[in-house]
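Undergrad: Questions regarding the structure given below will be posed in turn.
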Amino acid sequence: MKSKDCYHKAVAYLLTLDEVCNKHIDDLFDFEKDVIKPFGTLYLPWQTGTSVKTTRLMFNLWSGVLIDLDKSESVYEETRCYYTPEEIFCCGYAPYFFEAVKLRFPEYTTIELGIRRAAMKIVPIGMKAANEYVAAHHRHHKPVRGCKFCISVENEDGECCGVAICGRPVSRYLDNGTTLEINRLCTNGTRNVCSMLYGACTHYASQNARAAKALGYKKVITYTLASETGASLKASNFVSEGEAGGTIWTGERRRDNGVPASRDPVAEKKVRWGMQHRLNSRTGFNSAAKVAPCGRGLPLALPRRVI
């Protein structure tokens with residue numbers, strides 16, 4: 001695998017845990033594109049009862065998949081019950097499944113007595129550095145060509161744990177001058193970093209209107225894959241606006257879906273999430289949408305590079 005982050009470690013552990021999955025590893029994971037293969041793989045003839053449980057847990061830990069998908073990208077609604085802890089963990093592999101969960105969520109499952117958790121803080125970052133982080137860590141997107149601003153999260157050791165790149169909406173129909181899109185959000189899997197970045201982006205977009213009305217965005221949007229749960233977005237008070245767009249980009253200018261062939265994501269529907277700001281005309285404060293508590297503390301100094 002191309003990366004050694006918590007996602008890849010958990011998937012690699014499960015792929016080699018079950019003998020059947022290990023034997024058909026190429027049917028479950030695309031090593032060239034570095035993505036899972038969720039479409040139709042659960043119904044291949046070689047699957048057994050235990051390998052199906054292993055595969056479902058692997059898909060869930062990778063991208064939050066909670067439903068079986070067939071080759072035509074349709075969903076089997078009745079399969080949701082198969083993703084419950086009772087269905088997955090009631091087998092002889094249960095102790096090993098817990099180890100996979102620990103690999104995926106090390107920050108939640110590691111007990112460090114007497115050691116204070118590293119403090120996280122929002123810091124500014126330039127677009128070049130943010131793009132380099134995206135190129136190294138993002139599972140299915142490449143760097144952006146322009147942005148409005150970029151922010152990052154660092155721990156007390158100065159290590160970058162995640163970045164967010166905000167800019168104009170990609171869809172020209174939504175580019176009305178008052179809508180901001182979080183074009184990229186990428187982390188190394190550290191706890192709460194996603195919610196912290198989402199909260200900081202919305203905090204900047206709304207509260208900045210108090211200082212400069214020209215930057216008073218009324219709405220912030222972003223997208224996730226249909227197979228992703230959007231847990232961090234929900235925690236940051238974003239609301240799902242339903243499916244948006246197709247599975248691939250079909251415009252005349254670009255047909256590569258915005259990603260290089262080596263990192264082409266699974267062709268999948270996207271879900272748009274939005275947060276509407278209703279600013280108080282007297283104070284300029286956001287009077288409706290609540291900003292995630294972990295998004296506070298955004299520094300006044302932001303990257304100078306603004307496009």
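In the structure tokens, the first chain shown is A, the next is B, and so on; residue numbers restart at 1 for each chain, and ligands run from 1 in the order shown.
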At a cut-off of 8 Å, using only C-alpha atoms, what residues contact Asp18 in chain A? Leave out same-chain residues fewer than 2 positions from it and give the result as a list in words.
TA: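 Counting only the stated atoms, we get Leu14, Leu15, Thr16, Val20, Cys21, Asn22, Thr50, Ser51 and Thr54 of chain A.
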Undergrad: Could you dump the residues just selected with C-alpha atoms as a JSON list (two decimals), in the first residue's frame?
TA:
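Everything below was put into again.json:
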```json
[["chain", "number", "residue", "atom", "x", "y", "z"],
["A", 14, "LEU", "CA", -8.01, -7.34, 7.90],
["A", 15, "LEU", "CA", -6.97, -8.34, 4.38],
["A", 16, "THR", "CA", -4.25, -10.58, 5.79],
["A", 20, "VAL", "CA", -9.95, -16.36, 2.00],
["A", 21, "CYS", "CA", -9.67, -12.55, 1.84],
["A", 22, "ASN", "CA", -5.89, -12.81, 1.65],
["A", 50, "THR", "CA", -16.42, -15.16, 7.92],
["A", 51, "SER", "CA", -14.83, -13.45, 4.93],
["A", 54, "THR", "CA", -14.21, -9.31, 7.50]]
```
Undergrad: Would you mind listing what lies within 8 Å of range 7-12 of chain A as JSON, numbers by chain, with only C-alpha atoms counted and same-chain residues fewer than 5 positions away left out?
TA: {"A": [1, 58, 61, 62, 100, 101, 103, 104, 189]}
Undergrad: Give me, please, the distance in Å between CA of Pro95 in chain A and CA of Arg56 in chain A, quoted to one decimal.
TA: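 Atom-to-atom, CA of Pro95 in chain A to CA of Arg56 in chain A, that is 16.1 Å.
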Undergrad: Applying 12 Å and only C-alpha atoms, which residues near Gly158 in chain A remain after dropping the ones on its own chain fewer than 4 positions away? List them as a PyMOL selection string.
TA: chain A and resi 118-123+152-154+162
